[in-house]
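Contents: one structure, followed by commentary.
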Amino acid sequence: MTTPGANRGLLEVFRQRHLLSLIVRKEVQIRYRGSIFGWLWSYVKPLVQFVVFFVAIGVFLGANDRVEFFPIYLLSGITVVTFFNEAFSNGTRSLVDNAALIKKIYLPREMFPVSSMLIAAVNTVPQIIVVVAISLFFGWAPTFASLGAILLALVIIAILATGLGLFFGSINVTFRDAQSFVEIIVMVAIWASPVMYDWVQVARVVPDWLFVLYRLNPITAAVELFHYGIWFPLVQDSAEAVPGLWTYGLIALVTSLIALVIGQLVFRRLEGRFAQDL
């Protein structure tokens, strides 16, 4: 038997998955409350992004000449980074934002960073659908490898964002500076990975050891896996996948799992002060 009030961490969160689903559903509904078009906006925004990228960056700045199907390349990378940034940022703020609930009733506090990741995942689905639809229009033919790469990329981001959300979210309860630090990480994330540029440009200008470190970044690995799944099948006759893609993808998965374990340990260590500091 489980002692009443005992918390088994993330296991307890998924044991109470009905409550988790209620929180996610409520937050998603709040996002579109009072909106006439509702979920339609989630599809319109990526389409507008595609047009803007194609004209502004692709045509005016000449990116279409350097990277084939550059708008798809860019939109694919932004999809991954947006998922990470939203899940990580909201996970960091989740405990402070739900302070009243935490102080009133008992529930696994890990519920809030986890729900933030799931909400971000739900919000990312329309953008993935738009990217896939555009790619299909230009001749994308999915394979088991490409679908596996897409799934692995999303799993890496989900685990990494949850782990970092647990870590920084627990610290943010006592030290609100953590939130500002996270904002810097989120701002840098899109430039620290091959989103606005391709990996070839990095390999040309940095030494080999630094290029290895660059590929060890879990977000870089996730972005390149997503590129491999969505963009690469369209250009495989004229482009090359980043060296060691699957190896670095598996390393990124292990790194993300380590971040999750560390985040959970720190969370459990600081959890006793939450009600007092909130």
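Convention: chains lettered A, B, ... in structure tokens order; per-chain residue numbering from 1; ligands numbered from 1 as shown.
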
Who sits within 10 Å of Ile159 (chain A), only C-alpha atoms, same chain under 3 positions skipped, as a ChimeraX atom specification = /A:84,114,117,154-156,162-165,253-261

Mind checking which residues fall within 12 Å of Ala275 (chain A), counting only C-alpha atoms, ignoring those fewer than 2 positions away in the same chain, and posting them as number ranges by chain?
-> A: 95-96, 98-106, 109, 170, 173-174, 270-273, 277-278

Once DSSP has gone over the backbone, tell me which residues of region 196-226 of chain A are in helix (DSSP H, G or I), as a PyMOL selection string.
-> chain A and resi 199-205+208-216+218-226

Of A:Phe14, A:Trp246, A:Phe50, A:Tyr197, the one nearest to Ala63 (chain A) when counting only C-alpha atoms is A:Tyr197

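Remark: for Arg31 (chain A), the closest of the candidate residues A:Thr92, A:Asn123, A:Leu19, A:Asp65 is A:Asn123 (distances computed over only C-alpha atoms).
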